[in-house]
Every structure is written in C-alpha cells, then in structure tokens.
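Q: Input: one structure, supplied below.
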Amino acid sequence: MKPFQIWLSPPFLSGKEKEYIQEAIDSGWISTVGNHIEKFERILSKNLKNYFVIPLNSGTSAIHLALKLLDVKDGDEVICPSLTFVATANPIVYQRANPIFVDCEQESWNLSPEWLEIAIQNRLKRGKKPKAIIIAHLYGNSSKMNEINNIALTYQIPIIEDNAEAFGAKYKNEPLGTLGTLGVLSFNGNKIITTSAGGALICSSENFYSKAKYLAHQAKSPVSYYHHEEVGYNYGMSNLLAAIGIAQLYNLEERIQKKRQIFNRYYEELIKPFNLRYPQEIQSSFSTRWLSAFLLPEDKSPSELIQVLENHQIEARRIWKPLHTQPIYENQPFYGEHYCNYLFERGICLPSGIGLNLEQQSLIIEIVKTFLE
Ligand SMILES: Cc1ncc(COP(=O)(O)O)c(C=O)c1O
C-alpha cells in the first residue's frame with residue numbers, strides 16, 4: 001500500500017462505532033443473524049421510502065441477486081453503462097448472460113437515454129429483448145431518470161439502479177435506489193457510509209424481498225431440516241458489520257453536506273477559474289458529490305497530475321475506464337459515440353474524504369493550480 005497522507009475517500013468514523021459493536025458483541029450475535037441487522041435494515045428502509053431493504057455482504061452481491069430476481073439467465077442480454085466500475089457488469093456474466101454496453105451522456109456522465117433507446121431497438125431487431133437495464137449513478141450524481149424510466153416503460157424492461165456511489169442522492173425529491181424495480185447500495189470502505197465491506201438490495205415489492213433473503217442465505221426451504229430446491233448464496237451481512245452501519249448512518253446528512261462543501265470549493269477554486277467540465281447535478285436532482293470529478297484541459301494529462309499529487313503523498317484517480325474497452329469485455333456490443341472514452345482520457349477524481357480539512361484541501365488546490373497554469 002502506498003503511504004498517502006491524503007487518501008481519495010477513506011472511511012470516516014462517526015464515533016459511535018465502538019458502542020454499537022460492543023452492543024453486538026455483548027448480545028452474543030456476531031454471525032449473519034442478530035438485532036443489529038434488523039435495526040440497520042429498518043433505518044435503511046426509513047431512508048428509502050420505507051422500501052424493503054436487505055443488508056448484504058457487498059454491493060456486487062446485491063447486483064447479482066437483483067439479476068437472479070429478474071430471472072436473468074444463460075444467453076440473456078442485459079443493458080449496462082460502459083462508464084462504471086466493473087462490479088456493475090460482472091454479475092451479468094455470473095448468470096452466463098451478455099452485457100450490452102451503452103455510452104454515457106455529456107451532462108451527468110451517466111447512461112445516455114438516446115443511446116439506450118437505440119440499443120434496445122437494435123437488440124429487438126436482432127430478435128433479442130434485453131431482460132434488464134442496469135443504470136449506475138456515478139460519483140453521487142443522478143442519471144436522467146425521467147427519460148430512462150419512460151424508455152423502460154415503453155419497452156417494458158425492468159431497471160436495476162446501481163446506487164453504490166450515490167446513497168443519499170435524490171431525483172425529484174425521491175431517494176435514488178427506489179426509482180427502478182430493484183436498487184443496490186454499497187458500503188465498502190470508500191463509500192459515503194461504510195460497514196468495512198457490505199451492501200444492500202432495495203426491493204420494490206415484498207415478493208422480491210422474501211425471495212432475495214432466501215437466496216442470500218443458501219436458499220434453505222422453510223422446513224426443520226436442510227432442504228434445498230434451488231442453488232443459493234452466502235451473501236448475508238454480519239451482525240457486527242451491521243452495527244458499524246448503524247453508527248455510520250448516525251450522521252448521514254452531515255456526511256452529504258461535507259461532500260458537497262468539498263466539491264463546491266474545488267468548483268470555486270479550480271473548475272470555475274479554469275473553465276473545466278464536470279458532471280452536472282441534472283435538473284430536479286440532488287447530488288451527494290461523493291467524489292469530486294472533472295475534466296482536465298486537452299493539453300494536460302490526468303496521469304501526470306496523479307503523479308504530481310502522489311509526489312506530495314496525495315491520492316487521486318482517473319475516472320472509470322469504459323468497460324467495453326476492457327480486455328474481458330471488448331467483444332461485447334457497444335452503442336454510442338465513445339464519449340465515455342473521452343471522459344476516461346481527460347477525467348480525474350480529487351480527494352473527497354469526509355475528514356478532509358481546509359488546510360489539506362488548500363494544499364491540493366495549490367498543487368493542481370500550479371499544474372494547470
Ligand atoms: C458503481 C459501483 N457498482 C458496484 C460497486 C460494488 O460494490 P461492492 O464493492 O460493495 O461490491 C461499486 C463499488 O465498489 C461501484 O462503485
């Protein structure tokens with residue numbers, strides 16, 4: 001591990017973690033059952049329009065279960081943004097189905113509704129109706145939900161919202177993750193709240209909820225002995241990690257405000273003065289600005305800036321490398337004009353940790369300014 005002084009988005013403790021972990025240990029429930037899981041589930045659900053929520057061991061598991069619930073199987077096609085983390089697409093392949101990659105749009109950097117519709121029409125022409133559409137709300141920013149939902153409705157294709165990076169964000173005042181058929185959260189170490197590792201599945205119906213719970217716990221039939229009619233998974237969250245999650249949720253609003261303040265300062269001191277492009281908070285949406293991202297001018301290299309920052313022990317990252325350009329997915333269909341490739345070539349994410357202080361951010365801004373001048 002490189003010895004950074006300032007990390008990109010490290011875990012931030014609320015101060016209540018020890019108390020809740022102690023409580024969980026005292027209860028004796030340190031496995032994948034226990035009161036803390038139930039409590040974490042209830043609080044999450046409250047934050048998510050009272051939808052059914054299942055805490056899991058990762059966001060990736062949640063995407064996999066969502067695909068299972070929608071009966072995605074061998075040979076099916078699933079639409080997926082190309083600009084996202086690889087975990088958005090990998091579970092499609094776990095199901096032996098095929099990801100169909102689609103470009104992003106220029107405003108939010110999320111799935112392009114125009115290319116989405118072109119992709120669906122083209123797949124239909126080829127005699128194959130996509131079984132699901134996965135969308136990802138990247139860097140805390142909402143996708144164009146109105147347009148995407150209308151398309152999904154027109155062609156009657158369910159939506160899985162990969163909301164790993166935008167927990168707490170909203171569209172038309174509704175929490176992201178509750179706008180599709182199924183939603184996904186991640187609580188890994190760099191997310192806005194973390195359980196060290198973990199995730200959750202948000203279900204729009206009780207049926208999905210019970211089926212997902214059953215699949216996440218080895219698909220054990222409700223009889224007194226071990227009886228299995230389906231292959232299940234070991235995807236449940238540990239009670240100890242749920243205790244951390246409860247403590248982390250304690251100050252969610254402050255976390256979001258801090259992320260937004262960090263972005264606003266980068267905006268005022270770098271993005272605006274240097275006239276840089278950045279992902280927009282689209283109309284009627286509320287972004288958490290989970291990671292502050294923007295594009296460098298054409299004559300400046302993101303890799304060089306990352307090296308300069310690294311020389312000061314500061315961690316920065318390129319934005320996601322499009323999945324249709326990854327060796328594992330380069331033979332999959334792609335619909336778009338490669339705008340996602342352009343973003344990858346020019347984009348950078350700067351440190352956006354909740355614990356980032358003013359002095360540290362000033363240092364980052366000074367270094368980036370000098371690089372840009
Ligand atoms: C967009 C996106 N999808 C899915 C995931 C997977 O989540 P997890 O790491 O909890 O499996 C992540 C985070 O790592 C992510 O950023």
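Just so we're on the same page: first chain in the structure tokens is A, next is B, and so on; residues restart at 1 for each chain, and ligands are numbered from 1 in the order they show up.
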Compute the set of protein, DNA and RNA residues whose minimum atom distance to ligand 1 is at most 6 Å, using only C-alpha atoms and all ligand atoms, and state it as a ChimeraX atom specification.
A: /A:58-60,84-85,87-88,136,162,164-165,186-188,198-199
Q: Excluding A:Leu116 and its own-chain neighbours fewer than 5 positions away, which residues fall within 12 Å of it when counting only C-alpha atoms? Please give them as a PyMOL selection string.
A: chain A and resi 78-82+100-105+110-111+121-123+130+132-135+144+147-152+155+157+334-336
Q: May I have the selected residues written with C-alpha atoms, as a compact mmCIF listing (two decimals), in the first residue's frame?
A:
# COMPACT_ATOMS: atom_id res chain seq x y z
CA VAL A 78 -28.66 -7.04 -20.05
CA ILE A 79 -28.02 -3.40 -20.84
CA CYS A 80 -25.27 -1.78 -18.79
CA PRO A 81 -23.45 1.56 -18.89
CA SER A 82 -19.91 1.29 -20.20
CA ILE A 100 -24.72 -4.87 -23.86
CA PHE A 101 -22.76 -1.69 -23.21
CA VAL A 102 -24.16 1.79 -23.73
CA ASP A 103 -22.42 5.19 -23.77
CA CYS A 104 -22.96 7.99 -21.26
CA GLU A 105 -24.39 11.47 -21.88
CA ASN A 110 -24.41 8.62 -16.64
CA LEU A 111 -26.24 6.33 -19.08
CA GLN A 121 -34.31 -1.06 -30.77
CA ASN A 122 -31.28 -2.67 -32.33
CA ARG A 123 -31.37 -5.67 -30.00
CA PRO A 130 -32.94 -7.14 -23.17
CA ALA A 132 -32.98 -5.80 -17.72
CA ILE A 133 -31.40 -2.35 -17.83
CA ILE A 134 -28.74 -1.62 -15.22
CA ILE A 135 -28.04 2.04 -14.62
CA LYS A 144 -31.61 11.19 -16.31
CA GLU A 147 -36.10 9.80 -19.83
CA ILE A 148 -34.70 6.42 -18.74
CA ASN A 149 -37.87 5.42 -16.90
CA ASN A 150 -40.01 6.40 -19.91
CA ILE A 151 -37.91 4.20 -22.19
CA ALA A 152 -38.04 1.31 -19.72
CA TYR A 155 -40.29 -1.33 -23.87
CA ILE A 157 -37.88 -3.69 -19.34
CA PHE A 334 -21.36 -1.24 -27.55
CA TYR A 335 -23.80 1.50 -28.53
CA GLY A 336 -22.61 5.09 -28.50
Q: Need the shell around A:Leu323: protein/DNA/RNA residues with any atom at most 7 Å away, counting only C-alpha atoms. Skip same-chain ones fewer than 2 positions apart. Format as a PyMOL selection string?
A: chain A and resi 82-83+86+321+325-326+329
Q: Could those selected residues go to a file with C-alpha atoms, as a compact mmCIF listing (two decimals), in the first residue's frame?
A:
# COMPACT_ATOMS: atom_id res chain seq x y z
CA SER A 82 -19.91 1.29 -20.20
CA LEU A 83 -18.66 4.03 -17.88
CA VAL A 86 -16.52 -3.40 -13.34
CA LYS A 321 -12.08 3.04 -17.77
CA THR A 325 -12.60 -1.23 -23.75
CA GLN A 326 -11.60 -3.71 -21.04
CA TYR A 329 -15.49 -7.14 -22.34
Q: Report the closest atom pair, with its distance in Å rounded to one decimal, for each residue of stretch 277-331 of chain A that has an atom no farther than 10 Å from stretch 244-258 of chain A; count only C-alpha atoms, sort by chain and then rising residue number, and write it as JSON lines.
A:
{"residue": "A:Ser287", "atom": "CA", "partner": "A:Ile256", "partner_atom": "CA", "distance": 8.6}
{"residue": "A:Thr288", "atom": "CA", "partner": "A:Ile256", "partner_atom": "CA", "distance": 5.3}
{"residue": "A:Arg289", "atom": "CA", "partner": "A:Ile256", "partner_atom": "CA", "distance": 7.7}
{"residue": "A:Trp290", "atom": "CA", "partner": "A:Ile256", "partner_atom": "CA", "distance": 7.7}
Q: Which is closer to A:Ile328 than all the others in A:Ala216, A:Val93, A:Ala200, A:Leu305, using only C-alpha atoms?
A: A:Val93
